[in-house]
file coords31.pdb (PDB, C-alpha atoms, pLDDT in the B column)
ATOM      1  CA  MET C   1      24.941  -3.710   9.097  1.00 66.00           C
ATOM      2  CA  GLU C   2      24.235  -6.834  11.154  1.00 87.00           C
ATOM      3  CA  ARG C   3      20.463  -6.269  10.979  1.00 91.00           C
ATOM      4  CA  LEU C   4      20.626  -6.918   7.232  1.00 94.00           C
ATOM      5  CA  PHE C   5      23.265  -9.652   7.374  1.00 95.00           C
ATOM      6  CA  CYS C   6      21.020 -12.408   5.980  1.00 96.00           C
ATOM      7  CA  THR C   7      19.625 -10.137   3.264  1.00 96.00           C
ATOM      8  CA  GLU C   8      23.147  -9.207   2.246  1.00 96.00           C
ATOM      9  CA  LEU C   9      24.157 -12.870   2.109  1.00 96.00           C
ATOM     10  CA  LEU C  10      21.426 -13.466  -0.450  1.00 96.00           C
ATOM     11  CA  ILE C  11      21.440 -10.385  -2.682  1.00 97.00           C
ATOM     12  CA  GLY C  12      24.859  -8.839  -1.986  1.00 97.00           C
ATOM     13  CA  LYS C  13      26.209  -5.580  -0.589  1.00 96.00           C
ATOM     14  CA  GLU C  14      25.614  -3.523  -3.736  1.00 97.00           C
ATOM     15  CA  LYS C  15      21.873  -4.206  -3.811  1.00 98.00           C
ATOM     16  CA  VAL C  16      21.523  -3.695  -0.079  1.00 97.00           C
ATOM     17  CA  ALA C  17      23.213  -0.307  -0.579  1.00 97.00           C
ATOM     18  CA  LYS C  18      20.706   0.580  -3.321  1.00 98.00           C
ATOM     19  CA  LEU C  19      17.839  -0.214  -0.975  1.00 98.00           C
ATOM     20  CA  ARG C  20      19.442   1.826   1.804  1.00 97.00           C
ATOM     21  CA  HIS C  21      19.539   4.881  -0.465  1.00 98.00           C
ATOM     22  CA  ALA C  22      15.984   4.409  -1.779  1.00 98.00           C
ATOM     23  CA  PHE C  23      13.024   6.662  -0.965  1.00 98.00           C
ATOM     24  CA  VAL C  24       9.565   5.054  -1.053  1.00 98.00           C
ATOM     25  CA  THR C  25       6.181   6.676  -0.450  1.00 98.00           C
ATOM     26  CA  VAL C  26       3.451   4.344   0.830  1.00 98.00           C
ATOM     27  CA  VAL C  27      -0.089   5.664   0.494  1.00 98.00           C
ATOM     28  CA  GLY C  28      -2.572   3.788   2.660  1.00 98.00           C
ATOM     29  CA  ILE C  29      -1.338   2.115   5.860  1.00 98.00           C
ATOM     30  CA  GLY C  30      -4.179  -0.348   6.228  1.00 97.00           C
ATOM     31  CA  ALA C  31      -4.009  -4.140   6.227  1.00 97.00           C
ATOM     32  CA  VAL C  32      -2.185  -4.362   2.878  1.00 98.00           C
ATOM     33  CA  GLY C  33      -0.118  -1.205   3.295  1.00 98.00           C
ATOM     34  CA  GLY C  34       0.972  -2.121   6.808  1.00 98.00           C
ATOM     35  CA  PHE C  35       2.507  -5.420   5.738  1.00 98.00           C
ATOM     36  CA  ALA C  36       4.087  -3.802   2.681  1.00 98.00           C
ATOM     37  CA  THR C  37       5.630  -1.035   4.770  1.00 98.00           C
ATOM     38  CA  GLU C  38       7.059  -3.382   7.386  1.00 98.00           C
ATOM     39  CA  ALA C  39       8.606  -5.610   4.715  1.00 98.00           C
ATOM     40  CA  LEU C  40      10.235  -2.591   3.062  1.00 98.00           C
ATOM     41  CA  ALA C  41      11.675  -1.523   6.415  1.00 98.00           C
ATOM     42  CA  ARG C  42      12.951  -5.027   7.164  1.00 98.00           C
ATOM     43  CA  ILE C  43      14.624  -5.380   3.759  1.00 98.00           C
ATOM     44  CA  GLY C  44      16.495  -2.141   4.385  1.00 97.00           C
ATOM     45  CA  VAL C  45      14.785   0.670   2.478  1.00 98.00           C
ATOM     46  CA  GLY C  46      16.406   3.777   3.886  1.00 98.00           C
ATOM     47  CA  ARG C  47      13.619   6.321   3.687  1.00 98.00           C
ATOM     48  CA  LEU C  48       9.854   5.954   3.886  1.00 98.00           C
ATOM     49  CA  ARG C  49       7.074   8.518   3.654  1.00 98.00           C
ATOM     50  CA  LEU C  50       3.795   7.171   5.067  1.00 98.00           C
ATOM     51  CA  VAL C  51       0.474   8.728   4.095  1.00 98.00           C
ATOM     52  CA  ASP C  52      -2.869   7.877   5.743  1.00 98.00           C
ATOM     53  CA  HIS C  53      -5.528   9.907   7.576  1.00 97.00           C
ATOM     54  CA  ASP C  54      -6.993   7.072   9.691  1.00 97.00           C
ATOM     55  CA  LYS C  55      -6.418   5.975  13.273  1.00 97.00           C
ATOM     56  CA  VAL C  56      -6.112   2.382  14.482  1.00 98.00           C
ATOM     57  CA  THR C  57      -9.479   0.929  15.545  1.00 96.00           C
ATOM     58  CA  THR C  58     -10.616  -2.351  17.092  1.00 96.00           C
ATOM     59  CA  THR C  59     -11.924  -3.595  13.729  1.00 95.00           C
ATOM     60  CA  ASN C  60      -8.329  -3.466  12.460  1.00 96.00           C
ATOM     61  CA  LEU C  61      -7.135  -6.033  15.012  1.00 96.00           C
ATOM     62  CA  ASN C  62      -7.962  -9.064  12.864  1.00 95.00           C
ATOM     63  CA  ARG C  63      -5.716  -8.112   9.951  1.00 96.00           C
ATOM     64  CA  ASN C  64      -3.565  -4.966  10.382  1.00 97.00           C
ATOM     65  CA  ILE C  65      -0.015  -5.704  11.521  1.00 97.00           C
ATOM     66  CA  LEU C  66       0.238  -2.466  13.505  1.00 96.00           C
ATOM     67  CA  ALA C  67      -3.107  -2.901  15.287  1.00 97.00           C
ATOM     68  CA  LEU C  68      -2.512  -3.809  18.943  1.00 96.00           C
ATOM     69  CA  ASP C  69      -4.346  -2.940  22.139  1.00 97.00           C
ATOM     70  CA  HIS C  70      -1.847  -0.200  22.936  1.00 96.00           C
ATOM     71  CA  THR C  71      -2.057   1.376  19.449  1.00 97.00           C
ATOM     72  CA  LEU C  72      -5.866   1.752  19.395  1.00 97.00           C
ATOM     73  CA  GLY C  73      -6.747   5.379  18.701  1.00 98.00           C
ATOM     74  CA  VAL C  74      -3.235   6.183  17.449  1.00 98.00           C
ATOM     75  CA  PRO C  75      -2.864   7.555  13.912  1.00 98.00           C
ATOM     76  CA  LYS C  76      -1.811   4.681  11.674  1.00 98.00           C
ATOM     77  CA  VAL C  77       1.151   6.571  10.279  1.00 98.00           C
ATOM     78  CA  GLU C  78       2.464   7.318  13.784  1.00 98.00           C
ATOM     79  CA  ALA C  79       1.955   3.725  14.961  1.00 98.00           C
ATOM     80  CA  MET C  80       3.842   2.454  11.918  1.00 98.00           C
ATOM     81  CA  LYS C  81       6.608   4.999  12.381  1.00 98.00           C
ATOM     82  CA  GLN C  82       7.171   3.774  15.928  1.00 97.00           C
ATOM     83  CA  ARG C  83       7.071   0.148  14.799  1.00 97.00           C
ATOM     84  CA  ILE C  84       9.686   0.768  12.104  1.00 98.00           C
ATOM     85  CA  HIS C  85      11.908   2.530  14.633  1.00 97.00           C
ATOM     86  CA  GLY C  86      12.041  -0.745  16.559  1.00 96.00           C
ATOM     87  CA  ILE C  87      12.832  -2.721  13.407  1.00 96.00           C
ATOM     88  CA  ASN C  88      15.368  -0.482  11.691  1.00 94.00           C
ATOM     89  CA  PRO C  89      16.270   2.724  13.574  1.00 95.00           C
ATOM     90  CA  ALA C  90      18.403   3.815  10.611  1.00 95.00           C
ATOM     91  CA  CYS C  91      15.313   4.093   8.402  1.00 97.00           C
ATOM     92  CA  LYS C  92      14.144   7.700   8.062  1.00 98.00           C
ATOM     93  CA  VAL C  93      10.363   7.722   8.396  1.00 98.00           C
ATOM     94  CA  GLU C  94       8.062  10.648   7.712  1.00 98.00           C
ATOM     95  CA  ALA C  95       4.475  10.275   8.942  1.00 98.00           C
ATOM     96  CA  MET C  96       1.876  12.320   7.080  1.00 98.00           C
ATOM     97  CA  GLN C  97      -1.575  12.013   8.647  1.00 98.00           C
ATOM     98  CA  MET C  98      -3.621  13.249   5.748  1.00 97.00           C
ATOM     99  CA  PHE C  99      -6.042  12.141   3.054  1.00 95.00           C
ATOM    100  CA  ALA C 100      -4.337  11.522  -0.268  1.00 95.00           C
ATOM    101  CA  ALA C 101      -6.512  12.980  -3.010  1.00 92.00           C
ATOM    102  CA  GLU C 102      -6.300  15.299  -5.977  1.00 92.00           C
ATOM    103  CA  ASP C 103      -6.123  18.430  -3.818  1.00 94.00           C
ATOM    104  CA  SER C 104      -3.278  17.093  -1.661  1.00 96.00           C
ATOM    105  CA  LEU C 105      -1.058  15.251  -4.138  1.00 97.00           C
ATOM    106  CA  GLU C 106       1.427  18.088  -4.511  1.00 95.00           C
ATOM    107  CA  LYS C 107       2.059  17.848  -0.762  1.00 97.00           C
ATOM    108  CA  VAL C 108       2.107  14.043  -0.743  1.00 97.00           C
ATOM    109  CA  PHE C 109       4.715  14.133  -3.512  1.00 97.00           C
ATOM    110  CA  SER C 110       6.488  17.337  -2.482  1.00 97.00           C
ATOM    111  CA  GLN C 111       9.685  15.309  -2.783  1.00 97.00           C
ATOM    112  CA  ARG C 112       9.842  12.856  -5.648  1.00 98.00           C
ATOM    113  CA  PRO C 113      10.134   9.258  -4.429  1.00 98.00           C
ATOM    114  CA  ASP C 114      11.950   6.495  -6.239  1.00 98.00           C
ATOM    115  CA  LEU C 115       8.785   4.424  -6.043  1.00 98.00           C
ATOM    116  CA  VAL C 116       5.206   4.521  -4.736  1.00 98.00           C
ATOM    117  CA  VAL C 117       3.232   1.743  -3.073  1.00 98.00           C
ATOM    118  CA  ASP C 118      -0.503   2.361  -3.439  1.00 98.00           C
ATOM    119  CA  ALA C 119      -2.637   0.575  -0.850  1.00 98.00           C
ATOM    120  CA  ILE C 120      -5.610   2.959  -0.948  1.00 97.00           C
ATOM    121  CA  ASP C 121      -9.029   1.357  -0.546  1.00 91.00           C
ATOM    122  CA  ALA C 122     -11.105   4.260  -1.937  1.00 93.00           C
ATOM    123  CA  LEU C 123     -11.667   4.320  -5.695  1.00 95.00           C
ATOM    124  CA  ASN C 124     -11.398   8.017  -6.564  1.00 95.00           C
ATOM    125  CA  PRO C 125      -8.224   8.724  -4.534  1.00 96.00           C
ATOM    126  CA  LYS C 126      -6.630   5.528  -5.861  1.00 98.00           C
ATOM    127  CA  VAL C 127      -7.227   6.578  -9.457  1.00 97.00           C
ATOM    128  CA  GLN C 128      -5.960  10.091  -8.718  1.00 97.00           C
ATOM    129  CA  VAL C 129      -2.732   8.769  -7.182  1.00 98.00           C
ATOM    130  CA  LEU C 130      -2.164   6.307 -10.016  1.00 98.00           C
ATOM    131  CA  THR C 131      -2.833   8.997 -12.631  1.00 98.00           C
ATOM    132  CA  TYR C 132      -0.391  11.371 -10.923  1.00 97.00           C
ATOM    133  CA  CYS C 133       2.346   8.732 -10.740  1.00 97.00           C
ATOM    134  CA  HIS C 134       1.871   7.708 -14.361  1.00 97.00           C
ATOM    135  CA  ALA C 135       1.904  11.324 -15.572  1.00 96.00           C
ATOM    136  CA  ASN C 136       5.075  12.050 -13.594  1.00 97.00           C
ATOM    137  CA  LYS C 137       6.779   8.772 -14.515  1.00 97.00           C
ATOM    138  CA  ILE C 138       7.019   7.578 -10.906  1.00 98.00           C
ATOM    139  CA  PRO C 139       7.054   3.764 -10.684  1.00 98.00           C
ATOM    140  CA  VAL C 140       3.956   2.631  -8.782  1.00 98.00           C
ATOM    141  CA  PHE C 141       2.980  -0.724  -7.311  1.00 98.00           C
ATOM    142  CA  SER C 142      -0.722  -0.924  -6.557  1.00 98.00           C
ATOM    143  CA  SER C 143      -3.020  -3.196  -4.550  1.00 98.00           C
ATOM    144  CA  MET C 144      -6.419  -4.123  -5.876  1.00 97.00           C
ATOM    145  CA  GLY C 145      -9.147  -5.707  -3.730  1.00 95.00           C
ATOM    146  CA  ALA C 146      -7.990  -8.104  -0.983  1.00 95.00           C
ATOM    147  CA  ALA C 147     -11.195  -8.117   1.084  1.00 93.00           C
ATOM    148  CA  THR C 148     -13.710 -10.983   0.716  1.00 93.00           C
ATOM    149  CA  ARG C 149     -11.029 -13.266  -0.788  1.00 94.00           C
ATOM    150  CA  THR C 150     -10.119 -16.627   0.745  1.00 95.00           C
ATOM    151  CA  LYS C 151      -8.114 -18.474  -1.934  1.00 96.00           C
ATOM    152  CA  ILE C 152      -4.367 -17.935  -1.584  1.00 96.00           C
ATOM    153  CA  HIS C 153      -3.521 -19.614  -4.888  1.00 96.00           C
ATOM    154  CA  LEU C 154      -5.653 -17.105  -6.823  1.00 97.00           C
ATOM    155  CA  VAL C 155      -3.557 -14.079  -5.800  1.00 98.00           C
ATOM    156  CA  LYS C 156      -1.791 -12.817  -8.933  1.00 97.00           C
ATOM    157  CA  SER C 157       0.418  -9.921  -9.967  1.00 97.00           C
ATOM    158  CA  GLY C 158       1.241  -8.109 -13.181  1.00 97.00           C
ATOM    159  CA  ASP C 159       0.200  -5.150 -15.298  1.00 98.00           C
ATOM    160  CA  LEU C 160      -3.246  -3.830 -14.369  1.00 97.00           C
ATOM    161  CA  SER C 161      -4.291  -4.042 -18.026  1.00 96.00           C
ATOM    162  CA  LYS C 162      -3.948  -7.849 -17.852  1.00 95.00           C
ATOM    163  CA  SER C 163      -5.812  -8.339 -14.558  1.00 96.00           C
ATOM    164  CA  GLN C 164      -9.022 -10.360 -14.486  1.00 93.00           C
ATOM    165  CA  GLY C 165     -11.788 -11.144 -12.044  1.00 94.00           C
ATOM    166  CA  CYS C 166     -11.346  -8.205  -9.668  1.00 96.00           C
ATOM    167  CA  PRO C 167     -14.213  -5.679  -9.571  1.00 95.00           C
ATOM    168  CA  LEU C 168     -11.961  -2.946  -8.165  1.00 96.00           C
ATOM    169  CA  ALA C 169      -9.360  -3.529 -10.865  1.00 97.00           C
ATOM    170  CA  ARG C 170     -12.080  -3.328 -13.520  1.00 96.00           C
ATOM    171  CA  GLU C 171     -13.270   0.043 -12.207  1.00 97.00           C
ATOM    172  CA  VAL C 172      -9.725   1.382 -11.889  1.00 98.00           C
ATOM    173  CA  ARG C 173      -8.849   0.231 -15.443  1.00 97.00           C
ATOM    174  CA  GLY C 174     -11.910   1.953 -16.849  1.00 97.00           C
ATOM    175  CA  ARG C 175     -11.206   5.249 -15.123  1.00 97.00           C
ATOM    176  CA  LEU C 176      -7.539   5.181 -16.046  1.00 98.00           C
ATOM    177  CA  ARG C 177      -8.429   4.553 -19.689  1.00 96.00           C
ATOM    178  CA  ARG C 178     -10.582   7.677 -19.598  1.00 96.00           C
ATOM    179  CA  ASN C 179      -7.452   9.461 -18.377  1.00 95.00           C
ATOM    180  CA  GLY C 180      -5.518   8.095 -21.351  1.00 96.00           C
ATOM    181  CA  ILE C 181      -3.679   5.388 -19.369  1.00 97.00           C
ATOM    182  CA  LYS C 182      -3.907   1.912 -20.902  1.00 95.00           C
ATOM    183  CA  LYS C 183      -0.935   0.142 -19.323  1.00 95.00           C
ATOM    184  CA  GLY C 184       2.096   0.648 -17.116  1.00 95.00           C
ATOM    185  CA  ILE C 185       0.536   0.131 -13.656  1.00 97.00           C
ATOM    186  CA  PHE C 186       1.852  -2.902 -11.772  1.00 98.00           C
ATOM    187  CA  CYS C 187      -0.706  -4.432  -9.430  1.00 98.00           C
ATOM    188  CA  VAL C 188      -1.452  -7.317  -7.102  1.00 98.00           C
ATOM    189  CA  TYR C 189      -4.958  -8.712  -7.455  1.00 98.00           C
ATOM    190  CA  SER C 190      -7.056 -11.833  -6.995  1.00 97.00           C
ATOM    191  CA  ASP C 191      -9.104 -13.416  -9.740  1.00 95.00           C
ATOM    192  CA  GLU C 192     -11.225 -15.276  -7.185  1.00 96.00           C
ATOM    193  CA  PRO C 193     -14.919 -14.790  -8.015  1.00 91.00           C
ATOM    194  CA  VAL C 194     -16.650 -12.492  -5.536  1.00 82.00           C
ATOM    195  CA  GLY C 195     -20.323 -12.480  -4.653  1.00 66.00           C
ATOM    196  CA  LYS C 196     -22.673  -9.547  -4.344  1.00 59.00           C
ATOM    197  CA  MET C 197     -21.119  -6.659  -2.435  1.00 55.00           C
ATOM    198  CA  PRO C 198     -22.705  -6.136   1.005  1.00 50.00           C
ATOM    199  CA  LYS C 199     -24.638  -3.063   2.036  1.00 48.00           C
ATOM    200  CA  VAL C 200     -23.006  -0.393   4.180  1.00 44.00           C
ATOM    201  CA  VAL C 201     -22.757  -1.536   7.804  1.00 50.00           C
ATOM    202  CA  ASN C 202     -22.864   1.189  10.415  1.00 50.00           C
ATOM    203  CA  SER C 203     -20.086   1.290  12.992  1.00 47.00           C
ATOM    204  CA  GLU C 204     -19.214   3.662  15.806  1.00 45.00           C
ATOM    205  CA  GLU C 205     -15.667   3.650  14.434  1.00 47.00           C
ATOM    206  CA  ASP C 206     -16.608   4.926  10.978  1.00 47.00           C
ATOM    207  CA  ASP C 207     -14.945   8.190  10.035  1.00 49.00           C
ATOM    208  CA  TYR C 208     -16.317   9.881   6.926  1.00 46.00           C
ATOM    209  CA  GLU C 209     -14.452  13.142   7.176  1.00 54.00           C
ATOM    210  CA  ARG C 210     -13.506  12.666   3.527  1.00 53.00           C
ATOM    211  CA  GLY C 211     -15.063  10.592   0.776  1.00 50.00           C
ATOM    212  CA  ARG C 212     -18.212   8.530   0.599  1.00 50.00           C
ATOM    213  CA  ARG C 213     -19.332   5.899   3.071  1.00 55.00           C
ATOM    214  CA  ARG C 214     -17.895   2.522   2.139  1.00 56.00           C
ATOM    215  CA  ALA C 215     -19.207  -0.918   2.971  1.00 63.00           C
ATOM    216  CA  LYS C 216     -17.320  -2.831   5.615  1.00 76.00           C
ATOM    217  CA  LEU C 217     -16.171  -6.041   3.937  1.00 85.00           C
ATOM    218  CA  GLY C 218     -15.221  -9.351   5.478  1.00 90.00           C
ATOM    219  CA  SER C 219     -11.484  -9.963   5.453  1.00 92.00           C
ATOM    220  CA  LEU C 220      -9.007 -12.569   6.680  1.00 95.00           C
ATOM    221  CA  PRO C 221      -5.599 -11.674   8.134  1.00 95.00           C
ATOM    222  CA  THR C 222      -3.812 -13.807   5.544  1.00 97.00           C
ATOM    223  CA  ILE C 223      -4.869 -12.484   2.129  1.00 97.00           C
ATOM    224  CA  PRO C 224      -4.120  -8.775   2.807  1.00 97.00           C
ATOM    225  CA  ALA C 225      -0.754  -9.854   4.220  1.00 98.00           C
ATOM    226  CA  ILE C 226       0.014 -11.773   1.024  1.00 98.00           C
ATOM    227  CA  PHE C 227      -0.985  -8.750  -1.051  1.00 98.00           C
ATOM    228  CA  GLY C 228       1.229  -6.443   1.009  1.00 98.00           C
ATOM    229  CA  LEU C 229       4.252  -8.726   1.067  1.00 98.00           C
ATOM    230  CA  THR C 230       3.940  -9.350  -2.678  1.00 98.00           C
ATOM    231  CA  LEU C 231       3.865  -5.609  -3.345  1.00 98.00           C
ATOM    232  CA  ALA C 232       6.918  -5.081  -1.137  1.00 98.00           C
ATOM    233  CA  HIS C 233       8.822  -7.910  -2.801  1.00 98.00           C
ATOM    234  CA  HIS C 234       8.271  -6.558  -6.318  1.00 98.00           C
ATOM    235  CA  ALA C 235       8.960  -2.994  -5.179  1.00 98.00           C
ATOM    236  CA  ALA C 236      12.268  -3.958  -3.535  1.00 98.00           C
ATOM    237  CA  GLU C 237      13.253  -6.020  -6.546  1.00 98.00           C
ATOM    238  CA  HIS C 238      12.635  -2.995  -8.762  1.00 98.00           C
ATOM    239  CA  LEU C 239      14.625  -0.681  -6.485  1.00 98.00           C
ATOM    240  CA  CYS C 240      17.746  -2.831  -6.432  1.00 96.00           C
ATOM    241  CA  GLY C 241      17.598  -3.927 -10.053  1.00 95.00           C
ATOM    242  CA  GLY C 242      16.466  -7.500  -9.501  1.00 94.00           C
ATOM    243  CA  PHE C 243      17.128 -10.277  -7.003  1.00 91.00           C
TER     244      PHE C 243
END
call {"tool": "encode", "arguments": {"input": "coords31.pdb", "output": "structure tokens"}}
result
Amino acid sequence: MERLFCTELLIGKEKVAKLRHAFVTVVGIGAVGGFATEALARIGVGRLRLVDHDKVTTTNLNRNILALDHTLGVPKVEAMKQRIHGINPACKVEAMQMFAAEDSLEKVFSQRPDLVVDAIDALNPKVQVLTYCHANKIPVFSSMGAATRTKIHLVKSGDLSKSQGCPLAREVRGRLRRNGIKKGIFCVYSDEPVGKMPKVVNSEEDDYERGRRRAKLGSLPTIPAIFGLTLAHHAAEHLCGGF
């Protein structure tokens, strides 16, 4: 396929074929998840299931790759599906506009994927998805907190049990340990020190149909992109058996 000519030159036909036959579920199509999803489509993953209940809003424009004037108000999963169609029409994309949580995981994973990318920004659902994947032996690549960070060189990756300096990672580790999970979750995180978390900021765009109100955090376009691309790189490397 000419679209993947340069990828094939680097990693070879056999690995490109493995990616073409791979099925990945991405949960959370926000700033991190959007970049991860696009990279997976561009590298040639053949089937993607996208899970997110949100719509694109104006506050997404500074950092979400699918946020454009003409996508405002469109469900994120549908906007990403259309974007992928323009990148790689051969990629089979399933858009699931729903909230991934304990009561919906059987539907989210109604077909077992080869790999899961977790880009959820809510603590309880993130832990529930990670617990489900670990229990069912589904490889999972997870994003920790990208908001409020500014230092590119402090973005790290590795087993969640080894992560340091990330408040979200600390909370996730603690909850997973209570679920009997001590290691085996690959994550991208930053060990950049963070200050005091801000109070909840009201916005007309806030949608609290599910879950608790969450503080809006300052975020650059660059750090979430690095998180997402790093997740996609490690995920693709896993799928094709190494670059």
call {"tool": "residues_around", "arguments": {"input": "coords31.pdb", "residues": "Val56 (chain C)", "least_positions_apart": "6", "cutoff": "8 Å", "atoms": "all atoms listed in the file", "output": "VMD selection string"}}
result
chain C and resid 67 71 to 76
call {"tool": "closest_residue", "arguments": {"input": "coords31.pdb", "among": "C:Ile152, C:Arg3, C:Gly44, C:Ile120", "to": "Thr222 (chain C)", "atoms": "only C-alpha atoms"}}
result
C:Ile152
call {"tool": "resolve_selection", "arguments": {"input": "coords31.pdb", "expression": "the PyMOL selection byres ((chain C and resi 84) around 12)", "output": "PyMOL selection string"}}
result
chain C and resi 34-50+65-66+77-83+85-95
call {"tool": "resolve_selection", "arguments": {"input": "coords31.pdb", "expression": "the PyMOL selection byres ((chain C and resi 136) around 12)", "output": "list in words"}}
result
Leu105, Glu106, Phe109, Arg112, Pro113, Asp114, Leu115, Val116, Val129, Leu130, Thr131, Tyr132, Cys133, His134, Ala135, Lys137, Ile138, Pro139 and Val140 of chain C
call {"tool": "closest_residue", "arguments": {"input": "coords31.pdb", "among": "C:Arg177, C:Arg63, C:Arg170, C:Lys183", "to": "Gly30 (chain C)", "atoms": "all atoms listed in the file"}}
result
C:Arg63
call {"tool": "resolve_selection", "arguments": {"input": "coords31.pdb", "expression": "the PyMOL selection byres ((chain C and resi 102) around 8)", "output": "PyMOL selection string"}}
result
chain C and resi 100-101+103-105+125+128-129
call {"tool": "atom_distance", "arguments": {"input": "coords31.pdb", "atom1": "CA of Phe141 (chain C)", "atom2": "CA of Phe186 (chain C)"}}
result
5.1 Å
call {"tool": "decode", "arguments": {"input": "coords31.pdb", "residues": "region 94-152 of chain C", "atoms": "C-alpha atoms", "output": "compact mmCIF listing (two decimals), in the first residue's frame"}}
result
# COMPACT_ATOMS: atom_id res chain seq x y z
CA GLU C 94 -16.06 1.81 15.22
CA ALA C 95 -17.25 4.89 17.12
CA MET C 96 -18.84 4.24 20.50
CA GLN C 97 -20.19 7.41 22.09
CA MET C 98 -20.48 6.20 25.63
CA PHE C 99 -18.95 6.53 29.08
CA ALA C 100 -16.48 3.78 29.85
CA ALA C 101 -17.05 2.62 33.42
CA GLU C 102 -17.63 -0.53 35.40
CA ASP C 103 -21.23 -0.90 34.21
CA SER C 104 -20.32 -0.57 30.53
CA LEU C 105 -17.04 -2.48 30.23
CA GLU C 106 -18.64 -5.64 28.88
CA LYS C 107 -19.96 -3.57 25.97
CA VAL C 108 -16.71 -1.64 25.52
CA PHE C 109 -14.85 -4.95 25.33
CA SER C 110 -17.58 -7.00 23.66
CA GLN C 111 -14.87 -8.05 21.21
CA ARG C 112 -11.44 -8.66 22.67
CA PRO C 113 -8.85 -6.24 21.29
CA ASP C 114 -5.20 -7.02 20.78
CA LEU C 115 -4.36 -3.96 22.84
CA VAL C 116 -5.97 -1.07 24.73
CA VAL C 117 -4.88 2.56 24.88
CA ASP C 118 -6.22 4.23 28.01
CA ALA C 119 -6.43 8.02 27.79
CA ILE C 120 -9.21 8.50 30.36
CA ASP C 121 -8.93 11.60 32.53
CA ALA C 122 -11.32 10.49 35.31
CA LEU C 123 -9.82 8.46 38.15
CA ASN C 124 -12.51 5.87 38.89
CA PRO C 125 -13.19 4.88 35.25
CA LYS C 126 -9.45 4.75 34.56
CA VAL C 127 -8.87 2.33 37.43
CA GLN C 128 -11.87 0.24 36.36
CA VAL C 129 -10.58 -0.05 32.78
CA LEU C 130 -7.05 -0.88 33.91
CA THR C 131 -8.34 -3.49 36.38
CA TYR C 132 -10.49 -5.09 33.67
CA CYS C 133 -7.61 -5.25 31.20
CA HIS C 134 -5.22 -6.69 33.78
CA ALA C 135 -7.75 -9.32 34.91
CA ASN C 136 -8.42 -10.34 31.30
CA LYS C 137 -4.76 -10.25 30.26
CA ILE C 138 -5.31 -7.54 27.63
CA PRO C 139 -2.15 -5.47 27.07
CA VAL C 140 -2.87 -1.87 28.08
CA PHE C 141 -0.93 1.34 27.53
CA SER C 142 -2.07 4.11 29.84
CA SER C 143 -1.65 7.89 30.06
CA MET C 144 -1.16 9.56 33.39
CA GLY C 145 -1.50 13.32 33.92
CA ALA C 146 -0.39 15.56 31.03
CA ALA C 147 -2.16 18.76 32.14
CA THR C 148 -0.21 21.49 33.99
CA ARG C 149 3.12 20.14 32.68
CA THR C 150 5.53 22.27 30.65
CA LYS C 151 8.84 20.36 30.65
CA ILE C 152 9.22 18.08 27.63
